[in-house]
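Asks: This is the structure I want to talk about, given as structure tokens.
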Amino acid sequence: MSAVTTHVLDTARGRPAAGVDVVLERLGSEVEAVGAGRTDEDGRVDGLGPDRLEMGDYRLRFATAAYFADLGRTALYPEVVIVFTLREPHQHYHLPLLLGPFSFSTYRGS
């Protein structure tokens, strides 16, 4: 299982958000992509990145404009970015995204 996982829920539609492109990047002196994927019908990304990551700062980038465009909707945020610090490399980090056309929120899940 990937060290970092996510899923996206479309709160306006009350269902998982399928087809959202997600990129996992390590931040530092240079930005390094360490994983990428697209949400499935359940809003989840399988195999987003490696099973283990080093401590440090990372970000998840969600391509939300394309998702809403595919639904024939416009959205305020063309991209949602979650920046987080991975302090315990032996633990799993699950970071869900609750998404609407004019809002978003996130939390550390289990």
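Chains: A, B, ... in order of the structure tokens. Residues: from 1 per chain. Ligands: from 1, in order shown.
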Give me the stretch 31-66 of chain A side of the contact with stretch 4-8 of chain A, cut-off 7 Å, one line per residue showing its nearest atom pair and distance in Å at one decimal, counting only C-alpha atoms, sorted by chain and residue number, as CSV.

Replies:
residue,atom,partner,partner_atom,distance
A:Gly43,CA,A:Val8,CA,5.0
A:Arg44,CA,A:His7,CA,4.2
A:Val45,CA,A:Thr6,CA,6.4
A:Leu48,CA,A:Thr5,CA,6.5
A:Gly49,CA,A:Val4,CA,6.9

Asks: Quick one: pick out all strand (DSSP E or B) residues within stretch 4-101 of chain A from a backbone DSSP run and write them as a PyMOL selection string.

Replies: chain A and resi 4-5+7-10+15-16+21-26+32-38+44+56-62+80-86+93-94+97-100

Asks: Would you kindly return, as number ranges by chain, each protein, DNA or RNA residue with an atom no farther than 6 Å from any atom of A:Leu24, considering only C-alpha atoms and excluding same-chain residues fewer than 6 positions away?

Replies: A: 33-36, 59-60

Asks: Could you tell me how far atom CA of A:Thr64 lies from atom CA of A:Tyr77, in Å and to one decimal?

Replies: 6.9 Å

Asks: Might you pull out every residue within 8 Å of A:Pro78, with only C-alpha atoms counted and same-chain residues fewer than 3 positions away left off, and present them as a PyMOL selection string?

Replies: chain A and resi 63-66+75

Asks: Would you export the selected residues with all heavy atoms as a PDB file, in the first residue's frame, please?

Replies:
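File out.pdb, as written:
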ATOM      1  N   ALA A  63      -6.306  17.989  -9.712  1.00  0.00           N
ATOM      2  CA  ALA A  63      -6.719  18.740 -10.912  1.00  0.00           C
ATOM      3  C   ALA A  63      -8.243  18.878 -10.909  1.00  0.00           C
ATOM      4  O   ALA A  63      -8.962  18.148 -11.595  1.00  0.00           O
ATOM      5  CB  ALA A  63      -6.226  18.040 -12.169  1.00  0.00           C
ATOM      6  N   THR A  64      -8.738  19.837 -10.153  1.00  0.00           N
ATOM      7  CA  THR A  64     -10.177  19.967  -9.953  1.00  0.00           C
ATOM      8  C   THR A  64     -10.887  20.657 -11.114  1.00  0.00           C
ATOM      9  O   THR A  64     -12.061  20.377 -11.367  1.00  0.00           O
ATOM     10  CB  THR A  64     -10.463  20.707  -8.640  1.00  0.00           C
ATOM     11  OG1 THR A  64      -9.761  21.949  -8.633  1.00  0.00           O
ATOM     12  CG2 THR A  64     -10.011  19.872  -7.457  1.00  0.00           C
ATOM     13  N   ALA A  65     -10.223  21.551 -11.836  1.00  0.00           N
ATOM     14  CA  ALA A  65     -10.877  22.240 -12.965  1.00  0.00           C
ATOM     15  C   ALA A  65     -11.306  21.234 -14.027  1.00  0.00           C
ATOM     16  O   ALA A  65     -12.434  21.309 -14.534  1.00  0.00           O
ATOM     17  CB  ALA A  65      -9.949  23.287 -13.566  1.00  0.00           C
ATOM     18  N   ALA A  66     -10.446  20.304 -14.356  1.00  0.00           N
ATOM     19  CA  ALA A  66     -10.774  19.293 -15.370  1.00  0.00           C
ATOM     20  C   ALA A  66     -11.931  18.412 -14.902  1.00  0.00           C
ATOM     21  O   ALA A  66     -12.804  18.051 -15.688  1.00  0.00           O
ATOM     22  CB  ALA A  66      -9.546  18.451 -15.697  1.00  0.00           C
ATOM     23  N   ALA A  75     -15.744  25.936 -11.614  1.00  0.00           N
ATOM     24  CA  ALA A  75     -15.360  25.873 -10.205  1.00  0.00           C
ATOM     25  C   ALA A  75     -14.433  27.032  -9.879  1.00  0.00           C
ATOM     26  O   ALA A  75     -13.749  27.555 -10.758  1.00  0.00           O
ATOM     27  CB  ALA A  75     -14.664  24.548  -9.912  1.00  0.00           C
TER      28      ALA A  75
END

Asks: Neighbours of A:Val22 within 6 Å (only C-alpha atoms; same-chain residues fewer than 5 positions away dropped), as a VMD selection string?

Replies: chain A and resid 36 to 38 61 to 62

Asks: Could you write those residues out with C-alpha atoms, as a PDB file, in the first residue's frame?

Replies:
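So the final result, stored in part-v5.pdb, reads:
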ATOM      1  CA  ALA A  36       0.518  10.126  -9.538  1.00  0.00           C
ATOM      2  CA  GLY A  37      -2.837   8.609 -10.298  1.00  0.00           C
ATOM      3  CA  ARG A  38      -6.489   9.183 -11.077  1.00  0.00           C
ATOM      4  CA  ARG A  61      -2.153  18.363  -6.187  1.00  0.00           C
ATOM      5  CA  PHE A  62      -5.685  17.665  -7.383  1.00  0.00           C
TER       6      PHE A  62
END

Asks: Let me make sure I understand: among A:Glu79, A:Asp40, A:Asp51, A:Asp70, which one has the smallest atom-to-atom distance to A:His92 if we use only C-alpha atoms?

Replies: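 Once distances to A:His92 are computed over only C-alpha atoms, the minimum belongs to A:Asp51.
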
Asks: Which residue is closest to A:Pro96? Choose from A:Arg52, A:Leu9, A:Ala3, A:Gly47 and count only C-alpha atoms.

Replies: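 Between A:Arg52, A:Leu9, A:Ala3, A:Gly47, the residue approaching A:Pro96 most closely is A:Leu9.
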